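Coordinates from start.cif are shown below (mmCIF, C-alpha atoms and all ligand atoms).
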data_final
#
loop_
_atom_site.group_PDB
_atom_site.id
_atom_site.type_symbol
_atom_site.label_atom_id
_atom_site.label_comp_id
_atom_site.auth_asym_id
_atom_site.auth_seq_id
_atom_site.Cartn_x
_atom_site.Cartn_y
_atom_site.Cartn_z
ATOM 1 C CA MET L 1 -97.867 144.254 23.674
ATOM 2 C CA SER L 2 -98.496 144.144 19.906
ATOM 3 C CA LEU L 3 -98.147 147.175 17.655
ATOM 4 C CA GLN L 4 -101.883 147.089 17.152
ATOM 5 C CA ASP L 5 -102.480 147.252 20.900
ATOM 6 C CA LYS L 6 -100.057 150.160 21.316
ATOM 7 C CA SER L 7 -101.717 152.075 18.534
ATOM 8 C CA LYS L 8 -105.133 151.457 20.051
ATOM 9 C CA ILE L 9 -104.014 152.553 23.507
ATOM 10 C CA LEU L 10 -102.359 155.731 22.209
ATOM 11 C CA LYS L 11 -105.492 156.632 20.279
ATOM 12 C CA THR L 12 -107.625 156.001 23.366
ATOM 13 C CA ILE L 13 -105.323 158.188 25.453
ATOM 14 C CA TYR L 14 -105.564 160.976 22.898
ATOM 15 C CA ARG L 15 -109.329 160.728 22.659
ATOM 16 C CA ARG L 16 -109.793 160.770 26.421
ATOM 17 C CA LEU L 17 -107.450 163.720 26.924
ATOM 18 C CA TYR L 18 -109.045 165.700 24.132
ATOM 19 C CA GLN L 19 -112.521 165.011 25.493
ATOM 20 C CA ALA L 20 -111.424 166.083 28.975
ATOM 21 C CA PHE L 21 -109.388 169.179 28.120
ATOM 22 C CA GLY L 22 -110.298 170.216 24.562
ATOM 23 C CA ALA L 23 -107.925 171.898 22.097
ATOM 24 C CA GLN L 24 -104.889 173.472 23.772
ATOM 25 C CA ASN L 25 -104.029 175.803 20.855
ATOM 26 C CA TRP L 26 -100.292 175.432 21.178
ATOM 27 C CA TRP L 27 -97.663 176.788 20.827
ATOM 28 C CA PRO L 28 -98.137 180.186 22.461
ATOM 29 C CA GLY L 29 -96.420 182.539 20.033
ATOM 30 C CA GLU L 30 -97.497 184.960 17.322
ATOM 31 C CA THR L 31 -94.937 183.945 14.693
ATOM 32 C CA PRO L 32 -92.749 180.895 13.959
ATOM 33 C CA PHE L 33 -89.707 182.957 14.960
ATOM 34 C CA GLU L 34 -91.270 183.745 18.322
ATOM 35 C CA VAL L 35 -92.006 180.022 18.764
ATOM 36 C CA ILE L 36 -88.330 179.206 18.186
ATOM 37 C CA ILE L 37 -87.154 181.843 20.642
ATOM 38 C CA GLY L 38 -89.689 180.543 23.184
ATOM 39 C CA ALA L 39 -88.525 176.948 22.656
ATOM 40 C CA ILE L 40 -84.957 177.953 23.510
ATOM 41 C CA LEU L 41 -85.852 180.231 26.428
ATOM 42 C CA THR L 42 -88.201 177.740 28.073
ATOM 43 C CA GLN L 43 -85.380 175.351 28.939
ATOM 44 C CA ASN L 44 -85.323 174.917 32.733
ATOM 45 C CA THR L 45 -87.827 177.637 33.488
ATOM 46 C CA SER L 46 -91.547 178.212 33.654
ATOM 47 C CA TRP L 47 -93.466 179.684 30.747
ATOM 48 C CA ILE L 48 -94.426 182.777 32.713
ATOM 49 C CA ASN L 49 -90.739 183.787 32.850
ATOM 50 C CA VAL L 50 -90.360 183.137 29.130
ATOM 51 C CA GLU L 51 -93.323 185.415 28.435
ATOM 52 C CA LYS L 52 -91.658 188.233 30.342
ATOM 53 C CA ALA L 53 -88.399 187.783 28.420
ATOM 54 C CA ILE L 54 -90.220 187.647 25.079
ATOM 55 C CA GLY L 55 -92.260 190.700 26.100
ATOM 56 C CA ASN L 56 -88.978 192.579 26.654
ATOM 57 C CA LEU L 57 -87.647 191.538 23.246
ATOM 58 C CA LYS L 58 -90.869 192.652 21.583
ATOM 59 C CA LYS L 59 -90.879 195.987 23.361
ATOM 60 C CA GLU L 60 -87.410 196.688 21.996
ATOM 61 C CA ASN L 61 -88.227 195.411 18.487
ATOM 62 C CA LEU L 62 -85.698 192.638 18.875
ATOM 63 C CA LEU L 63 -87.869 189.722 17.812
ATOM 64 C CA SER L 64 -86.410 189.189 14.351
ATOM 65 C CA PRO L 65 -83.373 187.274 13.060
ATOM 66 C CA ARG L 66 -81.643 190.480 11.939
ATOM 67 C CA ALA L 67 -82.198 192.302 15.249
ATOM 68 C CA LEU L 68 -80.901 189.345 17.272
ATOM 69 C CA LYS L 69 -77.892 189.083 14.994
ATOM 70 C CA ASP L 70 -77.011 192.730 15.490
ATOM 71 C CA ILE L 71 -77.512 193.064 19.252
ATOM 72 C CA PRO L 72 -74.370 192.495 21.358
ATOM 73 C CA LEU L 73 -74.408 189.323 23.455
ATOM 74 C CA GLU L 74 -74.314 191.090 26.836
ATOM 75 C CA LYS L 75 -77.189 193.354 25.893
ATOM 76 C CA LEU L 76 -79.238 190.375 24.734
ATOM 77 C CA ALA L 77 -78.537 188.540 28.005
ATOM 78 C CA ASP L 78 -79.850 191.551 29.897
ATOM 79 C CA LYS L 79 -83.065 191.667 27.845
ATOM 80 C CA ILE L 80 -83.849 188.012 28.549
ATOM 81 C CA ARG L 81 -82.855 188.143 32.229
ATOM 82 C CA HIS L 82 -86.344 186.991 33.347
ATOM 83 C CA SER L 83 -85.923 183.604 31.661
ATOM 84 C CA GLY L 84 -83.147 182.479 34.052
ATOM 85 C CA TYR L 85 -79.704 181.187 32.975
ATOM 86 C CA PHE L 86 -79.771 184.300 30.804
ATOM 87 C CA ASN L 87 -76.062 184.334 29.897
ATOM 88 C CA GLN L 88 -76.222 180.756 28.649
ATOM 89 C CA LYS L 89 -79.516 181.324 26.892
ATOM 90 C CA ALA L 90 -78.227 184.460 25.154
ATOM 91 C CA LYS L 91 -75.381 182.319 23.775
ATOM 92 C CA LYS L 92 -77.870 179.691 22.630
ATOM 93 C CA LEU L 93 -79.983 182.304 20.855
ATOM 94 C CA LYS L 94 -76.872 183.701 19.182
ATOM 95 C CA ALA L 95 -75.797 180.178 18.168
ATOM 96 C CA PHE L 96 -79.175 179.581 16.531
ATOM 97 C CA ILE L 97 -79.061 182.943 14.746
ATOM 98 C CA ASP L 98 -75.516 182.261 13.482
ATOM 99 C CA PHE L 99 -76.702 178.914 12.173
ATOM 100 C CA LEU L 100 -79.712 180.518 10.469
ATOM 101 C CA PHE L 101 -77.572 183.118 8.699
ATOM 102 C CA SER L 102 -74.741 180.745 7.797
ATOM 103 C CA ASN L 103 -77.008 178.085 6.318
ATOM 104 C CA TYR L 104 -80.215 179.830 5.270
ATOM 105 C CA CYS L 105 -79.304 183.522 4.786
ATOM 106 C CA GLY L 106 -81.304 184.374 7.916
ATOM 107 C CA ASN L 107 -84.471 183.172 6.209
ATOM 108 C CA LEU L 108 -86.770 180.907 8.236
ATOM 109 C CA GLU L 109 -88.872 179.879 5.233
ATOM 110 C CA LYS L 110 -85.747 178.592 3.574
ATOM 111 C CA MET L 111 -84.877 176.634 6.693
ATOM 112 C CA PHE L 112 -88.379 175.191 6.980
ATOM 113 C CA SER L 113 -88.289 174.025 3.353
ATOM 114 C CA LYS L 114 -85.548 171.569 4.245
ATOM 115 C CA GLU L 115 -86.767 168.027 4.762
ATOM 116 C CA MET L 116 -87.257 167.076 8.377
ATOM 117 C CA HIS L 117 -84.773 164.205 8.399
ATOM 118 C CA LEU L 118 -82.083 166.598 7.110
ATOM 119 C CA LEU L 119 -82.992 169.624 9.217
ATOM 120 C CA ARG L 120 -83.208 167.763 12.547
ATOM 121 C CA PRO L 121 -79.516 166.720 12.665
ATOM 122 C CA GLN L 122 -78.517 170.253 11.659
ATOM 123 C CA LEU L 123 -80.498 171.733 14.560
ATOM 124 C CA LEU L 124 -78.989 169.213 16.950
ATOM 125 C CA GLU L 125 -75.529 170.407 16.007
ATOM 126 C CA ILE L 126 -76.262 173.890 17.331
ATOM 127 C CA LYS L 127 -74.753 174.373 20.785
ATOM 128 C CA GLY L 128 -77.483 174.304 23.426
ATOM 129 C CA ILE L 129 -80.166 172.707 21.277
ATOM 130 C CA GLY L 130 -81.085 169.191 22.365
ATOM 131 C CA ASN L 131 -83.757 166.756 21.230
ATOM 132 C CA GLU L 132 -86.724 168.408 22.909
ATOM 133 C CA THR L 133 -85.877 171.916 21.707
ATOM 134 C CA ALA L 134 -85.064 170.750 18.164
ATOM 135 C CA ASP L 135 -88.327 168.823 17.943
ATOM 136 C CA SER L 136 -90.334 171.710 19.394
ATOM 137 C CA ILE L 137 -88.902 173.916 16.640
ATOM 138 C CA LEU L 138 -89.662 171.311 13.973
ATOM 139 C CA LEU L 139 -93.208 170.662 15.153
ATOM 140 C CA TYR L 140 -94.446 173.964 16.473
ATOM 141 C CA ALA L 141 -92.554 176.441 14.277
ATOM 142 C CA ALA L 142 -91.970 174.447 11.070
ATOM 143 C CA ASP L 143 -95.162 172.333 11.242
ATOM 144 C CA LYS L 144 -93.267 169.087 10.608
ATOM 145 C CA PRO L 145 -94.720 165.791 11.883
ATOM 146 C CA ILE L 146 -92.431 164.888 14.761
ATOM 147 C CA PHE L 147 -93.450 164.050 18.325
ATOM 148 C CA VAL L 148 -91.947 166.138 21.132
ATOM 149 C CA ILE L 149 -90.991 164.174 24.227
ATOM 150 C CA ASP L 150 -90.716 165.916 27.571
ATOM 151 C CA ALA L 151 -90.696 164.962 31.236
ATOM 152 C CA TYR L 152 -94.512 165.037 31.444
ATOM 153 C CA THR L 153 -94.919 162.689 28.486
ATOM 154 C CA GLN L 154 -92.290 160.343 29.854
ATOM 155 C CA ARG L 155 -93.871 160.222 33.312
ATOM 156 C CA ILE L 156 -97.383 159.553 32.036
ATOM 157 C CA LEU L 157 -96.278 156.853 29.598
ATOM 158 C CA PHE L 158 -94.231 155.153 32.289
ATOM 159 C CA ARG L 159 -97.129 155.196 34.698
ATOM 160 C CA GLN L 160 -99.338 153.800 31.957
ATOM 161 C CA GLN L 161 -96.737 151.044 31.558
ATOM 162 C CA LEU L 162 -96.186 151.879 27.897
ATOM 163 C CA ILE L 163 -92.452 152.454 28.364
ATOM 164 C CA SER L 164 -89.799 151.307 30.792
ATOM 165 C CA GLU L 165 -88.175 153.673 33.258
ATOM 166 C CA LYS L 166 -84.979 153.546 31.232
ATOM 167 C CA ALA L 167 -86.550 154.294 27.844
ATOM 168 C CA ASP L 168 -84.554 157.002 26.064
ATOM 169 C CA TYR L 169 -85.801 159.930 23.994
ATOM 170 C CA GLU L 170 -85.666 158.150 20.625
ATOM 171 C CA GLU L 171 -87.399 155.052 21.928
ATOM 172 C CA ILE L 172 -90.275 157.052 23.383
ATOM 173 C CA GLN L 173 -90.549 159.149 20.251
ATOM 174 C CA GLN L 174 -90.707 156.037 18.081
ATOM 175 C CA LEU L 175 -93.654 154.791 20.113
ATOM 176 C CA PHE L 176 -95.691 157.656 18.642
ATOM 177 C CA MET L 177 -94.050 157.805 15.228
ATOM 178 C CA GLN L 178 -94.573 154.096 14.594
ATOM 179 C CA ASN L 179 -98.044 153.751 16.013
ATOM 180 C CA LEU L 180 -99.845 156.907 14.919
ATOM 181 C CA PRO L 181 -100.330 158.612 11.569
ATOM 182 C CA LEU L 182 -97.530 161.137 10.898
ATOM 183 C CA ASP L 183 -99.709 164.178 11.357
ATOM 184 C CA SER L 184 -98.293 167.437 12.733
ATOM 185 C CA GLU L 185 -101.704 168.637 13.916
ATOM 186 C CA LEU L 186 -102.260 165.449 15.892
ATOM 187 C CA PHE L 187 -98.746 165.514 17.369
ATOM 188 C CA ASN L 188 -99.104 169.189 18.260
ATOM 189 C CA GLU L 189 -102.333 168.644 20.164
ATOM 190 C CA PHE L 190 -101.298 165.342 21.727
ATOM 191 C CA HIS L 191 -98.109 166.740 23.242
ATOM 192 C CA ALA L 192 -99.909 169.822 24.558
ATOM 193 C CA LEU L 193 -102.514 167.556 26.187
ATOM 194 C CA PHE L 194 -99.800 165.517 27.913
ATOM 195 C CA VAL L 195 -98.369 168.723 29.342
ATOM 196 C CA ARG L 196 -101.802 169.725 30.628
ATOM 197 C CA LEU L 197 -102.359 166.331 32.265
ATOM 198 C CA GLY L 198 -98.854 166.242 33.739
ATOM 199 C CA LYS L 199 -99.166 169.719 35.228
ATOM 200 C CA GLU L 200 -102.665 169.398 36.635
ATOM 201 C CA ILE L 201 -103.316 165.743 37.436
ATOM 202 C CA CYS L 202 -100.484 163.283 36.805
ATOM 203 C CA LYS L 203 -98.131 165.257 39.018
ATOM 204 C CA LYS L 204 -94.667 164.073 39.969
ATOM 205 C CA ARG L 205 -95.696 163.515 43.555
ATOM 206 C CA LYS L 206 -99.216 162.423 44.385
ATOM 207 C CA PRO L 207 -100.884 161.919 40.991
ATOM 208 C CA GLU L 208 -104.618 162.546 41.296
ATOM 209 C CA CYS L 209 -105.701 159.293 39.696
ATOM 210 C CA ARG L 210 -109.274 159.470 40.850
ATOM 211 C CA ARG L 211 -110.006 162.455 38.636
ATOM 212 C CA CYS L 212 -107.713 161.396 35.784
ATOM 213 C CA PRO L 213 -109.260 160.937 32.326
ATOM 214 C CA LEU L 214 -106.743 158.149 31.717
ATOM 215 C CA LYS L 215 -107.629 155.897 34.597
ATOM 216 C CA LYS L 216 -108.281 152.366 33.377
ATOM 217 C CA VAL L 217 -106.833 152.981 29.916
ATOM 218 C CA THR L 218 -104.298 150.233 30.495
ATOM 219 C CA SER L 219 -104.980 147.116 32.472
ATOM 220 C CA TYR L 220 -101.725 147.308 34.387
ATOM 221 C CA GLN L 221 -101.423 148.025 38.066
ATOM 222 C CA SER L 222 -98.258 149.948 38.571
ATOM 223 C CA PRO L 223 -97.183 150.971 42.049
ATOM 224 C CA VAL L 224 -95.835 154.533 42.313
ATOM 225 C CA ASN L 225 -94.614 153.681 45.773
ATOM 226 C CA ASN L 226 -95.474 151.072 48.330
ATOM 227 C CA GLU L 227 -98.807 152.566 49.247
ATOM 228 C CA GLU L 228 -100.267 153.746 46.026
ATOM 229 C CA LYS L 229 -101.508 152.064 42.862
ATOM 230 C CA ILE L 230 -101.829 154.063 39.708
ATOM 231 C CA CYS L 231 -103.504 153.867 36.313
ATOM 232 C CA LEU L 232 -106.152 151.564 37.765
HETATM 233 S S1 LIG N 1 -104.302 157.290 36.352
HETATM 234 FE FE1 LIG N 1 -102.911 158.338 37.775
HETATM 235 S S2 LIG N 1 -100.848 157.660 37.288
HETATM 236 FE FE2 LIG N 1 -102.206 157.067 35.568
HETATM 237 S S3 LIG N 1 -101.965 158.750 34.133
HETATM 238 FE FE3 LIG N 1 -103.723 159.235 35.429
HETATM 239 S S4 LIG N 1 -102.912 160.472 37.145
HETATM 240 FE FE4 LIG N 1 -101.192 159.503 36.096
#

If you convert what's in this file into structure tokens, what do you get?
Ligand code: SF4
Amino acid sequence: MSLQDKSKILKTIYRRLYQAFGAQNWWPGETPFEVIIGAILTQNTSWINVEKAIGNLKKENLLSPRALKDIPLEKLADKIRHSGYFNQKAKKLKAFIDFLFSNYCGNLEKMFSKEMHLLRPQLLEIKGIGNETADSILLYAADKPIFVIDAYTQRILFRQQLISEKADYEEIQQLFMQNLPLDSELFNEFHALFVRLGKEICKKRKPECRRCPLKKVTSYQSPVNNEEKICL
């Protein structure tokens, strides 16, 4: 498939999803700091649990870099209990806060002013922050033009035959970065639309292709299993 074809298909996918679902207004969070905390807490849990944990932090006035720096680790773990894996996640939050104070005096604006290609590797060095979390922070909190790849995106692209089953994070990300304008607003909306489609229609088991806005976007016929054809 040529680069031109890929670009055309991605734009068609975006257009169809946007027409079907409209603006998703992501990321849910009142401030960039809240977005970062949400991006860390949402690992391996549903958003509803994250909301409860963030609600607890807000209630106790703990949603600021200084407050999270000062609170003891065990106490923090208790406050975010709803998010699951709370001991590990408390350590991850503390690791991010340590990084923020050591490198940017606890100032998010300072951190966001760093160029994306320099900030991304720094974030990835923080214990517990992987590609998806780092890119969620860059895109949704810092408004930098980077595409976030998650399991929904990967599944839909594979079923649309735009990537192989073995494609890694960077490869999938490059598909967007090389074939679409580098536009944080577009990347923000596009990723949120993939999540919506993956949750509601292109489910892991039994995708509901008949009501999918992406049916017939690609001309491939890809079997999900022996009985079913998808993306027709
Ligand atoms: S047509 Fe089916 S398999 Fe293809 S993206 Fe839509 S729901 Fe998923």

Quiz item: Which polymer residues have any atom within 12 Å of an atom of L:Lys69, counting all atoms listed in the file, with same-chain residues fewer than 2 positions away left out, as number ranges by chain?
Solution: L: 62-67, 71-73, 75-76, 90-91, 93-102, 105-106

Residues returned when the PyMOL selection byres (((chain L and resi 124) around 12) and not hetatm) runs on this file, as a tab-separated table (two decimals) with C-alpha atoms, in the frame of the given file:
chain	number	residue	atom	x	y	z
L	92	LYS	CA	-77.87	179.69	22.63
L	95	ALA	CA	-75.80	180.18	18.17
L	96	PHE	CA	-79.18	179.58	16.53
L	99	PHE	CA	-76.70	178.91	12.17
L	117	HIS	CA	-84.77	164.20	8.40
L	118	LEU	CA	-82.08	166.60	7.11
L	119	LEU	CA	-82.99	169.62	9.22
L	120	ARG	CA	-83.21	167.76	12.55
L	121	PRO	CA	-79.52	166.72	12.66
L	122	GLN	CA	-78.52	170.25	11.66
L	123	LEU	CA	-80.50	171.73	14.56
L	125	GLU	CA	-75.53	170.41	16.01
L	126	ILE	CA	-76.26	173.89	17.33
L	127	LYS	CA	-74.75	174.37	20.78
L	128	GLY	CA	-77.48	174.30	23.43
L	129	ILE	CA	-80.17	172.71	21.28
L	130	GLY	CA	-81.08	169.19	22.36
L	131	ASN	CA	-83.76	166.76	21.23
L	132	GLU	CA	-86.72	168.41	22.91
L	133	THR	CA	-85.88	171.92	21.71
L	134	ALA	CA	-85.06	170.75	18.16
L	135	ASP	CA	-88.33	168.82	17.94
L	136	SER	CA	-90.33	171.71	19.39
L	137	ILE	CA	-88.90	173.92	16.64
L	138	LEU	CA	-89.66	171.31	13.97

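Comparing L:Asp70, L:Glu200, L:Glu51, L:Glu208 by their smallest distance to ligand LIG 1 (chain N), the closest is L:Glu208 (using all atoms listed in the file).
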
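Compared by their closest atoms to ligand LIG 1 (chain N), and using only C-alpha atoms and all ligand atoms, the residues L:Arg159, L:Lys6, L:Arg196, L:His191 rank with L:Arg159 nearest.
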
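Distance annotation: of L:Met116, L:Leu157, L:Met177, L:Ala192, the residue with the minimal separation from L:Pro28 is L:Ala192; atom set is only C-alpha atoms.
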